[in-house]
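Read the structure below first, then the notes.
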Amino acid sequence: WTDFTDFVGKGNVVQTAIAFIVGGAFSTIVESLVNDLLMPPLGLLTGANFADHFMVLQYEQPGKNNDEYDTLAEAIADGAVCIKYGLFAQKLFDFLTIALVLFLVIRTFQKLARAAVDLHERPCPECLSEIPDRAKRCRFCAS
């Protein structure tokens, strides 16, 4: 039991657990952004709700065609076997939006970290490389 409590008490485990919780909350926010703000205009451009784009592979009732179903829910309720490419595209769009937002957040934090480091450097008088203020010698030219 003590091994387990020591393991759970380490900072990395707690930070990872917090990251999962924040990631889940972030995922719901981005999902709402995509479903509620970005997909409706895209649906207007395509002429329908983007999630309702589908292709019927097999009809439950013979003699039906794809034009007889207005929505995916109708096709599923009728027992048709469908490829739901609209839902797939929506999930792909969710993923790409999350990836883009995370990229922008990480890049911003990296720029801020670099700016904080740059405040404590000075140019070497010999080779003009950036060296830390507290350094006695340049690591590039050893002057």
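In the structure tokens, chains take the letters A, B, ... in the order shown, each chain's residues start at 1, and ligands count up from 1 in the order shown.
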
Residue contacts of stretch 22-26 of chain A (12 Å, only C-alpha atoms) excluding same-chain residues fewer than 4 positions away, as a list in words: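 Within the cut-off, the hits are Gln15, Thr16, Ala17, Ile18, Val30, Glu31, Ser32, Leu33, Asp94, Phe95, Thr97, Ile98, Ala99, Val101 and Leu102 of chain A.
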
Generate a file of the selected residues that holds N, CA, C and O atoms, formatted as a compact mmCIF listing (two decimals), in the first residue's frame.
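again_20.txt was written with the following content:
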```txt
# COMPACT_ATOMS: atom_id res chain seq x y z
N GLN A 15 -0.07 15.65 -11.83
CA GLN A 15 -0.11 16.56 -12.98
C GLN A 15 -0.77 15.89 -14.18
O GLN A 15 -1.53 16.53 -14.92
N THR A 16 -0.51 14.62 -14.38
CA THR A 16 -1.13 13.90 -15.49
C THR A 16 -2.63 13.79 -15.28
O THR A 16 -3.41 13.96 -16.22
N ALA A 17 -3.06 13.51 -14.06
CA ALA A 17 -4.50 13.42 -13.77
C ALA A 17 -5.18 14.77 -14.02
O ALA A 17 -6.25 14.83 -14.63
N ILE A 18 -4.55 15.85 -13.60
CA ILE A 18 -5.11 17.18 -13.83
C ILE A 18 -5.15 17.48 -15.33
O ILE A 18 -6.13 18.04 -15.83
N VAL A 30 -14.26 22.80 -27.28
CA VAL A 30 -13.98 22.81 -28.72
C VAL A 30 -15.09 22.10 -29.48
O VAL A 30 -15.47 22.52 -30.58
N GLU A 31 -15.64 21.04 -28.92
CA GLU A 31 -16.75 20.34 -29.57
C GLU A 31 -17.95 21.28 -29.72
O GLU A 31 -18.60 21.31 -30.76
N SER A 32 -18.22 22.08 -28.69
CA SER A 32 -19.31 23.05 -28.78
C SER A 32 -18.99 24.12 -29.82
O SER A 32 -19.86 24.54 -30.58
N LEU A 33 -17.73 24.56 -29.86
CA LEU A 33 -17.32 25.54 -30.86
C LEU A 33 -17.58 25.01 -32.27
O LEU A 33 -18.15 25.70 -33.12
N ASP A 94 -13.52 18.36 -35.75
CA ASP A 94 -13.29 18.53 -34.30
C ASP A 94 -11.82 18.33 -33.97
O ASP A 94 -11.21 19.14 -33.27
N PHE A 95 -11.26 17.24 -34.46
CA PHE A 95 -9.87 16.91 -34.18
C PHE A 95 -8.92 18.00 -34.69
O PHE A 95 -8.02 18.44 -33.99
N THR A 97 -9.57 21.11 -35.30
CA THR A 97 -9.75 22.34 -34.54
C THR A 97 -9.03 22.25 -33.20
O THR A 97 -8.34 23.19 -32.79
N ILE A 98 -9.15 21.11 -32.52
CA ILE A 98 -8.45 20.92 -31.24
C ILE A 98 -6.95 20.99 -31.47
O ILE A 98 -6.22 21.64 -30.71
N ALA A 99 -6.45 20.33 -32.51
CA ALA A 99 -5.02 20.34 -32.80
C ALA A 99 -4.53 21.76 -33.08
O ALA A 99 -3.47 22.17 -32.59
N VAL A 101 -5.90 24.67 -32.09
CA VAL A 101 -5.95 25.49 -30.87
C VAL A 101 -4.81 25.11 -29.92
O VAL A 101 -4.14 25.99 -29.36
N LEU A 102 -4.56 23.82 -29.75
CA LEU A 102 -3.44 23.40 -28.89
C LEU A 102 -2.11 23.89 -29.45
O LEU A 102 -1.23 24.33 -28.69
```

Separation of atom CA of A:Val56 from atom CA of A:Lys84, in Å and rounded to one decimal: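 Atom CA of A:Val56 sits 8.7 Å away from atom CA of A:Lys84.
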